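Below is the file coords_7.cif, which contains mmCIF, C-alpha atoms.
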```cif
data_model
#
loop_
_atom_site.group_PDB
_atom_site.id
_atom_site.type_symbol
_atom_site.label_atom_id
_atom_site.label_comp_id
_atom_site.auth_asym_id
_atom_site.auth_seq_id
_atom_site.Cartn_x
_atom_site.Cartn_y
_atom_site.Cartn_z
ATOM 1 C CA MET A 17 -1.358 -16.386 -2.802
ATOM 2 C CA SER A 18 -3.969 -18.537 -4.569
ATOM 3 C CA TYR A 19 -7.548 -18.262 -3.380
ATOM 4 C CA LYS A 20 -9.241 -21.563 -2.638
ATOM 5 C CA HIS A 21 -13.029 -21.674 -2.261
ATOM 6 C CA LYS A 22 -13.984 -22.394 1.310
ATOM 7 C CA LEU A 23 -16.089 -25.433 0.335
ATOM 8 C CA SER A 24 -12.951 -27.151 -0.896
ATOM 9 C CA LYS A 25 -11.704 -27.351 2.690
ATOM 10 C CA ARG A 26 -14.837 -29.154 3.851
ATOM 11 C CA LEU A 27 -14.886 -31.941 1.276
ATOM 12 C CA ALA A 28 -12.521 -34.885 0.956
ATOM 13 C CA LEU A 29 -12.304 -37.489 -1.815
ATOM 14 C CA ASN A 30 -9.354 -39.777 -2.422
ATOM 15 C CA HIS A 31 -7.837 -39.702 -5.892
ATOM 16 C CA CYS A 32 -9.974 -42.334 -7.665
ATOM 17 C CA SER A 33 -9.428 -44.857 -4.900
ATOM 18 C CA GLY A 34 -12.678 -46.705 -5.409
ATOM 19 C CA THR A 35 -13.635 -46.403 -1.741
ATOM 20 C CA ALA A 36 -16.743 -44.871 -0.261
ATOM 21 C CA ARG A 37 -16.765 -41.978 2.189
ATOM 22 C CA SER A 38 -19.104 -39.425 3.699
ATOM 23 C CA VAL A 39 -19.010 -35.812 2.559
ATOM 24 C CA ARG A 40 -20.553 -33.316 4.977
ATOM 25 C CA ALA A 41 -22.095 -30.073 3.754
ATOM 26 C CA ALA A 42 -22.017 -26.742 5.592
ATOM 27 C CA GLY A 43 -25.555 -27.334 6.886
ATOM 28 C CA GLY A 44 -24.609 -30.617 8.492
ATOM 29 C CA GLU A 45 -26.285 -32.899 5.916
ATOM 30 C CA THR A 46 -24.080 -35.806 4.834
ATOM 31 C CA SER A 47 -24.053 -37.118 1.282
ATOM 32 C CA ARG A 48 -22.687 -40.609 0.709
ATOM 33 C CA GLN A 49 -20.347 -40.675 -2.295
ATOM 34 C CA HIS A 50 -18.536 -43.570 -3.967
ATOM 35 C CA ASP A 51 -15.528 -42.292 -5.824
ATOM 36 C CA THR A 52 -15.253 -45.107 -8.314
ATOM 37 C CA PRO A 53 -14.904 -43.586 -11.789
ATOM 38 C CA ALA A 54 -18.428 -44.452 -12.900
ATOM 39 C CA THR A 55 -20.089 -43.165 -9.750
ATOM 40 C CA ILE A 56 -18.029 -39.965 -9.573
ATOM 41 C CA ARG A 57 -19.116 -39.038 -13.073
ATOM 42 C CA ARG A 58 -22.790 -39.803 -12.495
ATOM 43 C CA ALA A 59 -25.367 -37.141 -11.540
ATOM 44 C CA HIS A 60 -29.179 -37.333 -11.624
ATOM 45 C CA THR A 61 -29.867 -33.969 -13.212
ATOM 46 C CA TRP A 62 -27.788 -30.834 -13.909
ATOM 47 C CA GLY A 63 -30.008 -28.741 -11.619
ATOM 48 C CA THR A 64 -29.457 -31.135 -8.727
ATOM 49 C CA TRP A 65 -25.722 -31.319 -9.570
ATOM 50 C CA TYR A 66 -25.291 -27.576 -9.344
ATOM 51 C CA ARG A 67 -27.555 -26.719 -6.406
ATOM 52 C CA SER A 68 -26.714 -29.450 -3.912
ATOM 53 C CA LEU A 69 -23.723 -30.973 -2.175
ATOM 54 C CA PRO A 70 -23.138 -33.639 -4.856
ATOM 55 C CA VAL A 71 -22.180 -30.873 -7.301
ATOM 56 C CA VAL A 72 -19.117 -30.052 -5.196
ATOM 57 C CA ALA A 73 -18.383 -33.692 -4.507
ATOM 58 C CA VAL A 74 -18.548 -34.514 -8.227
ATOM 59 C CA LEU A 75 -16.315 -31.577 -9.069
ATOM 60 C CA LEU A 76 -13.730 -32.525 -6.456
ATOM 61 C CA GLY A 77 -13.915 -36.113 -7.636
ATOM 62 C CA VAL A 78 -13.073 -35.018 -11.155
ATOM 63 C CA LEU A 79 -10.269 -32.761 -9.878
ATOM 64 C CA GLY A 80 -8.888 -35.657 -7.876
ATOM 65 C CA CYS A 81 -8.533 -37.631 -11.124
ATOM 66 C CA ALA A 82 -6.171 -35.275 -12.894
ATOM 67 C CA ASP A 83 -5.512 -37.882 -15.593
ATOM 68 C CA ASP A 84 -8.588 -38.498 -17.770
ATOM 69 C CA SER A 85 -7.219 -41.957 -18.545
ATOM 70 C CA SER A 86 -8.419 -43.028 -15.103
ATOM 71 C CA LEU A 87 -12.031 -42.473 -16.203
ATOM 72 C CA THR A 88 -13.972 -45.039 -18.192
ATOM 73 C CA ASN A 89 -14.523 -43.579 -21.680
ATOM 74 C CA PRO A 90 -14.332 -39.917 -20.636
ATOM 75 C CA PRO A 91 -16.663 -37.742 -22.770
ATOM 76 C CA ASP A 92 -15.205 -35.305 -25.286
ATOM 77 C CA ASN A 93 -16.477 -31.755 -25.823
ATOM 78 C CA SER A 94 -18.916 -32.880 -28.531
ATOM 79 C CA ASP A 95 -20.886 -34.893 -25.942
ATOM 80 C CA ILE A 96 -21.183 -31.989 -23.481
ATOM 81 C CA VAL A 97 -24.525 -30.195 -23.265
ATOM 82 C CA GLN A 98 -23.820 -27.786 -20.415
ATOM 83 C CA LEU A 99 -20.882 -26.065 -18.705
ATOM 84 C CA ARG A 100 -20.549 -24.964 -15.125
ATOM 85 C CA LEU A 101 -17.886 -22.597 -13.778
ATOM 86 C CA TRP A 102 -16.828 -22.886 -10.140
ATOM 87 C CA PRO A 103 -16.621 -21.118 -7.718
ATOM 88 C CA GLN A 104 -19.546 -18.788 -8.292
ATOM 89 C CA ASP A 105 -19.461 -15.120 -7.174
ATOM 90 C CA PRO A 106 -16.202 -15.251 -5.163
ATOM 91 C CA THR A 107 -14.373 -12.345 -3.549
ATOM 92 C CA VAL A 108 -10.622 -11.772 -3.790
ATOM 93 C CA GLN A 109 -8.239 -9.008 -2.690
ATOM 94 C CA MET A 110 -5.957 -7.065 -4.981
ATOM 95 C CA GLY A 111 -2.577 -8.773 -5.019
ATOM 96 C CA ASP A 112 -4.111 -12.239 -4.587
ATOM 97 C CA SER A 113 -5.338 -14.690 -7.235
ATOM 98 C CA ILE A 114 -8.164 -17.207 -7.507
ATOM 99 C CA ASP A 115 -8.464 -20.646 -9.125
ATOM 100 C CA PHE A 116 -11.443 -21.339 -11.402
ATOM 101 C CA TYR A 117 -12.575 -24.709 -12.729
ATOM 102 C CA VAL A 118 -14.980 -25.452 -15.581
ATOM 103 C CA VAL A 119 -16.849 -28.767 -15.752
ATOM 104 C CA GLY A 120 -18.939 -30.132 -18.609
ATOM 105 C CA LEU A 121 -22.087 -32.267 -18.256
ATOM 106 C CA THR A 122 -23.236 -34.747 -20.897
ATOM 107 C CA ALA A 123 -26.815 -35.687 -21.690
ATOM 108 C CA GLN A 124 -26.164 -38.979 -19.906
ATOM 109 C CA GLY A 125 -25.179 -37.162 -16.711
ATOM 110 C CA ASP A 126 -21.437 -37.703 -16.973
ATOM 111 C CA THR A 127 -19.081 -34.881 -15.925
ATOM 112 C CA THR A 128 -15.548 -33.989 -16.904
ATOM 113 C CA LEU A 129 -13.140 -31.099 -16.886
ATOM 114 C CA VAL A 130 -13.158 -29.525 -20.340
ATOM 115 C CA GLU A 131 -10.756 -27.550 -22.464
ATOM 116 C CA ALA A 132 -12.065 -23.990 -22.369
ATOM 117 C CA VAL A 133 -11.209 -20.538 -23.623
ATOM 118 C CA TRP A 134 -11.039 -18.050 -20.768
ATOM 119 C CA SER A 135 -11.932 -14.361 -20.804
ATOM 120 C CA ALA A 136 -12.023 -11.878 -17.944
ATOM 121 C CA GLU A 137 -12.692 -8.269 -17.061
ATOM 122 C CA GLY A 138 -10.513 -6.328 -14.622
ATOM 123 C CA GLY A 139 -7.677 -8.813 -14.880
ATOM 124 C CA GLU A 140 -6.573 -11.915 -16.752
ATOM 125 C CA VAL A 141 -7.038 -15.677 -16.577
ATOM 126 C CA ARG A 142 -4.023 -17.869 -17.239
ATOM 127 C CA GLY A 143 -4.715 -21.481 -18.206
ATOM 128 C CA LYS A 144 -3.309 -23.967 -15.690
ATOM 129 C CA GLY A 145 -4.412 -27.188 -17.397
ATOM 130 C CA LYS A 146 -7.600 -28.798 -18.569
ATOM 131 C CA GLY A 147 -10.594 -27.079 -17.011
ATOM 132 C CA HIS A 148 -8.402 -24.959 -14.738
ATOM 133 C CA GLY A 149 -7.683 -21.218 -14.923
ATOM 134 C CA LEU A 150 -5.954 -18.807 -12.547
ATOM 135 C CA TYR A 151 -7.496 -15.313 -12.357
ATOM 136 C CA LYS A 152 -5.232 -12.404 -11.382
ATOM 137 C CA PRO A 153 -7.082 -9.101 -10.812
ATOM 138 C CA ARG A 154 -5.628 -5.809 -11.977
ATOM 139 C CA ARG A 155 -8.166 -3.432 -10.462
ATOM 140 C CA SER A 156 -10.860 -3.466 -7.791
ATOM 141 C CA GLY A 157 -14.573 -3.717 -8.511
ATOM 142 C CA ARG A 158 -16.977 -6.383 -9.815
ATOM 143 C CA HIS A 159 -15.674 -8.173 -12.892
ATOM 144 C CA LYS A 160 -16.943 -10.945 -15.144
ATOM 145 C CA VAL A 161 -14.994 -14.164 -15.717
ATOM 146 C CA LYS A 162 -16.164 -16.457 -18.536
ATOM 147 C CA ALA A 163 -15.246 -19.931 -19.774
ATOM 148 C CA THR A 164 -16.242 -21.050 -23.292
ATOM 149 C CA ALA A 165 -16.039 -24.473 -24.925
ATOM 150 C CA ASP A 166 -17.326 -24.617 -28.497
ATOM 151 C CA SER A 167 -20.805 -23.046 -28.389
ATOM 152 C CA LEU A 168 -21.234 -23.501 -24.632
ATOM 153 C CA SER A 169 -20.210 -21.075 -21.901
ATOM 154 C CA ASP A 170 -20.695 -20.146 -18.271
ATOM 155 C CA SER A 171 -19.654 -17.068 -16.334
ATOM 156 C CA THR A 172 -19.489 -15.630 -12.854
ATOM 157 C CA THR A 173 -18.825 -12.298 -11.188
ATOM 158 C CA VAL A 174 -15.681 -11.773 -9.120
ATOM 159 C CA THR A 175 -15.668 -9.055 -6.484
ATOM 160 C CA VAL A 176 -12.153 -7.613 -6.176
ATOM 161 C CA THR A 177 -11.472 -5.584 -3.048
ATOM 162 C CA GLU A 178 -8.567 -3.277 -2.287
ATOM 163 C CA ALA A 179 -5.827 -4.645 -0.055
ATOM 164 C CA PRO A 180 -6.054 -3.126 3.445
ATOM 165 C CA VAL A 181 -3.496 -0.668 4.760
ATOM 166 C CA ALA A 182 -0.809 -2.475 6.772
ATOM 167 C CA SER A 183 1.530 0.439 7.516
ATOM 168 C CA VAL A 184 1.820 4.228 7.230
ATOM 169 C CA GLU A 185 5.131 6.026 6.702
ATOM 170 C CA ILE A 186 5.623 9.799 7.107
ATOM 171 C CA VAL A 187 8.420 11.653 5.325
ATOM 172 C CA PRO A 188 10.375 13.367 6.741
ATOM 173 C CA GLY A 189 10.416 11.389 9.981
ATOM 174 C CA SER A 190 11.586 14.493 11.857
ATOM 175 C CA ALA A 191 11.805 18.201 11.037
ATOM 176 C CA GLY A 192 12.683 21.553 12.606
ATOM 177 C CA ILE A 193 10.937 24.869 11.907
ATOM 178 C CA ASP A 194 10.810 28.379 13.333
ATOM 179 C CA VAL A 195 7.772 29.896 14.977
ATOM 180 C CA GLY A 196 5.550 31.179 12.173
ATOM 181 C CA SER A 197 7.026 28.914 9.473
ATOM 182 C CA THR A 198 5.712 25.666 7.964
ATOM 183 C CA VAL A 199 6.884 22.253 6.765
ATOM 184 C CA ARG A 200 5.081 19.776 4.485
ATOM 185 C CA LEU A 201 4.814 16.127 5.601
ATOM 186 C CA THR A 202 3.874 13.279 3.249
ATOM 187 C CA ALA A 203 2.172 10.033 4.281
ATOM 188 C CA THR A 204 2.587 6.820 2.282
ATOM 189 C CA MET A 205 0.299 3.836 2.874
ATOM 190 C CA ARG A 206 1.489 0.281 2.140
ATOM 191 C CA ASP A 207 -0.065 -3.183 2.156
ATOM 192 C CA SER A 208 1.385 -6.202 3.958
ATOM 193 C CA SER A 209 3.747 -6.844 1.021
ATOM 194 C CA GLY A 210 5.101 -3.304 1.105
ATOM 195 C CA ASN A 211 3.278 -2.194 -2.038
ATOM 196 C CA GLU A 212 2.265 1.471 -2.066
ATOM 197 C CA LEU A 213 -1.487 2.073 -1.843
ATOM 198 C CA THR A 214 -3.161 5.115 -3.371
ATOM 199 C CA GLY A 215 -6.539 6.745 -2.974
ATOM 200 C CA ARG A 216 -6.783 6.060 0.770
ATOM 201 C CA THR A 217 -8.174 8.502 3.317
ATOM 202 C CA VAL A 218 -5.586 9.958 5.718
ATOM 203 C CA GLU A 219 -6.345 11.775 8.975
ATOM 204 C CA TRP A 220 -3.675 14.088 10.396
ATOM 205 C CA SER A 221 -3.342 15.144 14.041
ATOM 206 C CA SER A 222 -0.893 16.969 16.358
ATOM 207 C CA SER A 223 -0.024 16.010 19.912
ATOM 208 C CA ALA A 224 0.193 19.723 20.841
ATOM 209 C CA PRO A 225 -1.655 22.068 18.467
ATOM 210 C CA SER A 226 -0.596 25.074 20.589
ATOM 211 C CA VAL A 227 3.012 24.332 19.586
ATOM 212 C CA ALA A 228 2.409 23.162 16.008
ATOM 213 C CA SER A 229 -0.815 22.414 14.149
ATOM 214 C CA VAL A 230 -1.325 20.283 11.029
ATOM 215 C CA ASN A 231 -4.006 20.560 8.345
ATOM 216 C CA GLY A 232 -5.682 17.836 6.304
ATOM 217 C CA THR A 233 -2.900 17.714 3.718
ATOM 218 C CA GLY A 234 0.020 17.336 6.150
ATOM 219 C CA LEU A 235 1.120 20.996 6.273
ATOM 220 C CA VAL A 236 2.552 21.710 9.740
ATOM 221 C CA SER A 237 2.597 25.299 11.100
ATOM 222 C CA GLY A 238 4.847 26.316 14.004
ATOM 223 C CA ALA A 239 3.100 28.363 16.703
ATOM 224 C CA ALA A 240 5.357 28.273 19.782
ATOM 225 C CA GLU A 241 8.668 26.878 20.948
ATOM 226 C CA GLY A 242 8.558 23.153 21.707
ATOM 227 C CA SER A 243 8.333 19.692 20.179
ATOM 228 C CA VAL A 244 5.244 17.832 18.879
ATOM 229 C CA THR A 245 4.364 14.449 17.404
ATOM 230 C CA ILE A 246 2.432 14.593 14.133
ATOM 231 C CA THR A 247 0.368 11.469 13.337
ATOM 232 C CA ALA A 248 -1.089 10.266 10.031
ATOM 233 C CA ALA A 249 -3.723 7.515 10.360
ATOM 234 C CA SER A 250 -5.401 5.391 7.679
ATOM 235 C CA GLU A 251 -7.655 2.355 8.131
ATOM 236 C CA GLY A 252 -6.548 1.811 11.710
ATOM 237 C CA GLU A 253 -2.815 2.042 10.976
ATOM 238 C CA SER A 254 -0.657 5.094 11.712
ATOM 239 C CA GLY A 255 2.767 6.652 11.320
ATOM 240 C CA THR A 256 4.409 9.559 13.158
ATOM 241 C CA SER A 257 6.899 12.384 12.661
ATOM 242 C CA THR A 258 8.534 14.617 15.289
ATOM 243 C CA VAL A 259 8.558 18.369 14.622
ATOM 244 C CA THR A 260 10.666 20.741 16.743
ATOM 245 C CA VAL A 261 9.680 24.425 16.782
ATOM 246 C CA THR A 262 12.263 27.074 17.679
ATOM 247 C CA PRO A 263 11.847 30.836 18.215
ATOM 248 C CA THR A 264 11.954 32.936 15.072
ATOM 249 C CA GLN A 265 15.395 34.347 14.250
ATOM 250 C CA VAL A 266 15.139 38.174 14.331
ATOM 251 C CA SER A 267 17.209 39.916 11.651
ATOM 252 C CA VAL A 268 19.951 42.409 12.449
ATOM 253 C CA ALA A 269 18.787 45.949 11.592
ATOM 254 C CA SER A 270 21.850 47.918 12.770
ATOM 255 C CA VAL A 271 25.293 47.597 14.382
ATOM 256 C CA ASP A 272 26.648 49.928 17.083
ATOM 257 C CA VAL A 273 30.454 50.219 17.561
ATOM 258 C CA THR A 274 31.870 51.643 20.808
ATOM 259 C CA PRO A 275 33.788 53.718 21.415
ATOM 260 C CA ALA A 276 32.854 55.652 18.291
ATOM 261 C CA THR A 277 36.214 57.505 18.095
ATOM 262 C CA VAL A 278 39.694 56.583 19.297
ATOM 263 C CA ALA A 279 43.041 58.465 19.372
ATOM 264 C CA LEU A 280 46.112 56.248 19.660
ATOM 265 C CA VAL A 281 49.885 56.621 19.545
ATOM 266 C CA VAL A 282 51.769 54.266 17.231
ATOM 267 C CA GLY A 283 51.986 50.809 18.785
ATOM 268 C CA ALA A 284 49.076 51.353 21.183
ATOM 269 C CA GLY A 285 45.839 49.365 21.031
ATOM 270 C CA GLN A 286 42.117 49.823 21.762
ATOM 271 C CA GLN A 287 39.359 47.197 22.126
ATOM 272 C CA LEU A 288 36.199 48.071 20.167
ATOM 273 C CA THR A 289 32.805 46.467 20.845
ATOM 274 C CA ALA A 290 30.109 45.782 18.223
ATOM 275 C CA THR A 291 26.435 45.353 19.246
ATOM 276 C CA PRO A 292 23.959 44.054 16.610
ATOM 277 C CA ARG A 293 20.382 45.353 17.156
ATOM 278 C CA ASP A 294 16.938 44.518 15.744
ATOM 279 C CA ALA A 295 14.575 47.034 14.184
ATOM 280 C CA ALA A 296 13.260 47.982 17.632
ATOM 281 C CA GLY A 297 16.765 48.705 18.909
ATOM 282 C CA ASN A 298 16.993 45.556 21.022
ATOM 283 C CA ALA A 299 20.479 44.053 21.344
ATOM 284 C CA LEU A 300 20.844 40.676 19.635
ATOM 285 C CA SER A 301 23.217 38.064 21.000
ATOM 286 C CA GLY A 302 24.936 35.181 19.302
ATOM 287 C CA ARG A 303 25.341 36.952 15.933
ATOM 288 C CA VAL A 304 28.478 36.710 13.844
ATOM 289 C CA VAL A 305 30.463 39.963 13.517
ATOM 290 C CA THR A 306 33.382 40.570 11.140
ATOM 291 C CA TRP A 307 35.876 43.438 11.433
ATOM 292 C CA SER A 308 37.774 45.425 8.786
ATOM 293 C CA THR A 309 39.880 48.602 8.460
ATOM 294 C CA SER A 310 39.978 51.203 5.711
ATOM 295 C CA ASN A 311 43.761 51.787 6.048
ATOM 296 C CA GLY A 312 45.964 49.020 7.402
ATOM 297 C CA GLY A 313 48.999 51.321 7.339
ATOM 298 C CA VAL A 314 47.383 53.507 9.974
ATOM 299 C CA ALA A 315 45.462 50.953 12.063
ATOM 300 C CA THR A 316 44.813 47.200 12.000
ATOM 301 C CA VAL A 317 41.960 45.268 13.648
ATOM 302 C CA ASN A 318 41.729 41.596 14.566
ATOM 303 C CA GLY A 319 38.687 39.274 14.572
ATOM 304 C CA SER A 320 37.605 40.335 18.063
ATOM 305 C CA GLY A 321 37.733 44.114 17.400
ATOM 306 C CA LEU A 322 41.140 44.917 18.895
ATOM 307 C CA VAL A 323 42.605 47.951 17.038
ATOM 308 C CA THR A 324 46.365 48.605 16.913
ATOM 309 C CA ALA A 325 47.879 51.885 15.674
ATOM 310 C CA GLN A 326 50.500 51.344 12.955
ATOM 311 C CA GLY A 327 51.306 54.882 11.800
ATOM 312 C CA ALA A 328 50.185 58.486 11.693
ATOM 313 C CA GLY A 329 46.872 59.211 9.987
ATOM 314 C CA THR A 330 43.181 58.328 10.138
ATOM 315 C CA ALA A 331 41.455 54.981 9.526
ATOM 316 C CA THR A 332 37.849 53.801 9.719
ATOM 317 C CA VAL A 333 37.240 50.471 11.463
ATOM 318 C CA THR A 334 33.998 48.703 10.454
ATOM 319 C CA ALA A 335 31.975 45.916 12.140
ATOM 320 C CA THR A 336 29.563 43.919 9.901
ATOM 321 C CA SER A 337 26.752 41.519 10.920
ATOM 322 C CA GLU A 338 24.134 40.017 8.565
ATOM 323 C CA GLY A 339 24.730 42.719 5.993
ATOM 324 C CA GLN A 340 24.478 45.601 8.441
ATOM 325 C CA THR A 341 27.500 47.719 9.449
ATOM 326 C CA GLY A 342 28.737 50.109 12.136
ATOM 327 C CA SER A 343 32.071 51.940 12.309
ATOM 328 C CA ALA A 344 34.460 53.836 14.560
#
```
Whole structure, structure tokens version:
Amino acid sequence: MSYKHKLSKRLALNHCSGTARSVRAAGGETSRQHDTPATIRRAHTWGTWYRSLPVVAVLLGVLGCADDSSLTNPPDNSDIVQLRLWPQDPTVQMGDSIDFYVVGLTAQGDTTLVEAVWSAEGGEVRGKGKGHGLYKPRRSGRHKVKATADSLSDSTTVTVTEAPVASVEIVPGSAGIDVGSTVRLTATMRDSSGNELTGRTVEWSSSAPSVASVNGTGLVSGAAEGSVTITAASEGESGTSTVTVTPTQVSVASVDVTPATVALVVGAGQQLTATPRDAAGNALSGRVVTWSTSNGGVATVNGSGLVTAQGAGTATVTATSEGQTGSA
């Protein structure tokens, strides 16, 4: 997007049409301008040219005549005694660009766009034609832009501002944690073009801190069973993530097998029951249990704990859950 100085929208001159028209300044004062070549190029003094409305009218008149052949004996750089760069002290956002123009003034009061060498801080100026350069900023701050023609030069200061935040994205968009555990969320800010923005302030919040809280870096801590919305906000824009907190999974500390002993005749069967327990002795439900036998020739056991006698002798049947075992 090219930046156009706001004054350019308030002034109108036909391209070297030779007609007269009124040009109104921001303050309401009207300056009568004839845009014949001789009149367009005429100014009373450089100070008046630069400080008043005619300076903009003259500049736009010159810009309207892109071909110097339309001017009567246009001056060359050797006749120019002063340069003026326009616009002065503009502001532009990162990601945008701004057009600059440099005009020369002769001792006789004539004006013309001049061939100039451009230099810039905090970005670069690309020549777009005679007297015209396009400045593209690379970093925010206040930077100097300068135009030089022979021994003459003029400069201005460009204020480059950061592009505002247009959206905030949180990754992951949803997460699940146990009570007492944590998950890290990351917020990414982007401008209206989708470019990632860095160095922006982010404020984190939780819809239900009693269920899950979040600190200033996006670390979420589960406190109780439930679901919460975590929000990251920056410059009036925000993004969200849903975090579901579930009860902490208690580990199996032991496994009880009942009955503890069984006597069977060959071909008979007995159902065994395994009960996983926590460290406090509380029974735990929903745990996976696997069964095994020490001697399949004496007794076999299926996946549900049903033991079948196969022959005379003794066998140990074992139930295992989460690394803990019990036997009969």
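Nearest to Thr260 (chain A) of all the residues A:Gly302, A:Gly234, A:Gly111, A:Gly189 is A:Gly189, based on all atoms listed in the file.
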Do you know which residues the PyMOL selection byres ((chain A and resi 195-199) around 7) returns on this file, as an MDAnalysis selection string?
chainID A and resid 193:194 200:201 235:241 261:264
For region 322-332 of chain A, find every residue with an atom within 9 Å (counting only C-alpha atoms), except residues of its own chain fewer than 4 positions away, and show them as a list in words.
Ala279, Leu280, Val281, Val282, Gly283, Ala284, Gly285, Gln286, Gln287, Leu288, Thr289, Ser308, Thr309, Ser310, Asn311, Gly312, Gly313, Val314, Ala315, Thr316, Val317, Asn318, Ser343 and Ala344 of chain A
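This file, queried with the PyMOL selection byres ((chain A and resi 342) around 9), gives the residues Ser270, Val271, Asp272, Val273, Ala290, Thr291, Pro292, Val333, Thr334, Ala335, Thr336, Ser337, Gln340, Thr341, Ser343 and Ala344 of chain A.
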Residues just named, written with C-alpha atoms as a PDB file, keeping the file's coordinate frame:
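The result, stored in selection_11.pdb:
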```pdb
ATOM      1  CA  SER A 270      21.850  47.918  12.770  1.00  0.00           C
ATOM      2  CA  VAL A 271      25.293  47.597  14.382  1.00  0.00           C
ATOM      3  CA  ASP A 272      26.648  49.928  17.083  1.00  0.00           C
ATOM      4  CA  VAL A 273      30.454  50.219  17.561  1.00  0.00           C
ATOM      5  CA  ALA A 290      30.109  45.782  18.223  1.00  0.00           C
ATOM      6  CA  THR A 291      26.435  45.353  19.246  1.00  0.00           C
ATOM      7  CA  PRO A 292      23.959  44.054  16.610  1.00  0.00           C
ATOM      8  CA  VAL A 333      37.240  50.471  11.463  1.00  0.00           C
ATOM      9  CA  THR A 334      33.998  48.703  10.454  1.00  0.00           C
ATOM     10  CA  ALA A 335      31.975  45.916  12.140  1.00  0.00           C
ATOM     11  CA  THR A 336      29.563  43.919   9.901  1.00  0.00           C
ATOM     12  CA  SER A 337      26.752  41.519  10.920  1.00  0.00           C
ATOM     13  CA  GLN A 340      24.478  45.601   8.441  1.00  0.00           C
ATOM     14  CA  THR A 341      27.500  47.719   9.449  1.00  0.00           C
ATOM     15  CA  SER A 343      32.071  51.940  12.309  1.00  0.00           C
ATOM     16  CA  ALA A 344      34.460  53.836  14.560  1.00  0.00           C
TER      17      ALA A 344
END
```
Residues at most 12 Å from Arg155 (chain A), counting only C-alpha atoms, excluding those fewer than 5 positions away in the same chain, as number ranges by chain?
A: 108-112, 136-140, 174-179
Kindly indicate which residue among A:Asn298, A:Thr204, A:Ser183, A:Thr173 lies nearest to Glu253 (chain A), using all atoms listed in the file for the distances.
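Result for the nearest residue to Glu253 (chain A): A:Ser183.
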Output of the PyMOL selection byres ((chain A and resi 219) around 7), listed as a list in words
Thr217, Val218, Trp220, Ser221, Gly232, Ala248, Ala249 and Ser250 of chain A
Rounded to one decimal place, report the CA of Arg216 (chain A)-CA of Val161 (chain A) distance in Å.
27.4 Å
Atom pair CA of Thr202 (chain A) / CA of Ser156 (chain A): separation (Å):
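Rounded to one decimal, the two atoms are 24.9 Å apart.
Shortest separation to Thr122 (chain A) among A:Ser301, A:Gln98, A:Ser223, A:Ser320 occurs at residue A:Gln98, atoms counted being only C-alpha atoms.
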In Å, how far is it from CA of Gly255 (chain A) to CA of Met205 (chain A)?
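Separating CA of Gly255 (chain A) from CA of Met205 (chain A) is a distance of 9.2 Å.
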With distances taken over only C-alpha atoms, which residue among A:Thr172, A:Thr127, A:Thr306, A:Ser190 lies nearest Thr256 (chain A)?
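The answer is A:Ser190, which sits nearest to Thr256 (chain A).
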Across A:Asn231, A:Ser169, A:Gln124, A:Thr277, the smallest distance to Arg100 (chain A), with all atoms listed in the file counted, is shown by A:Ser169
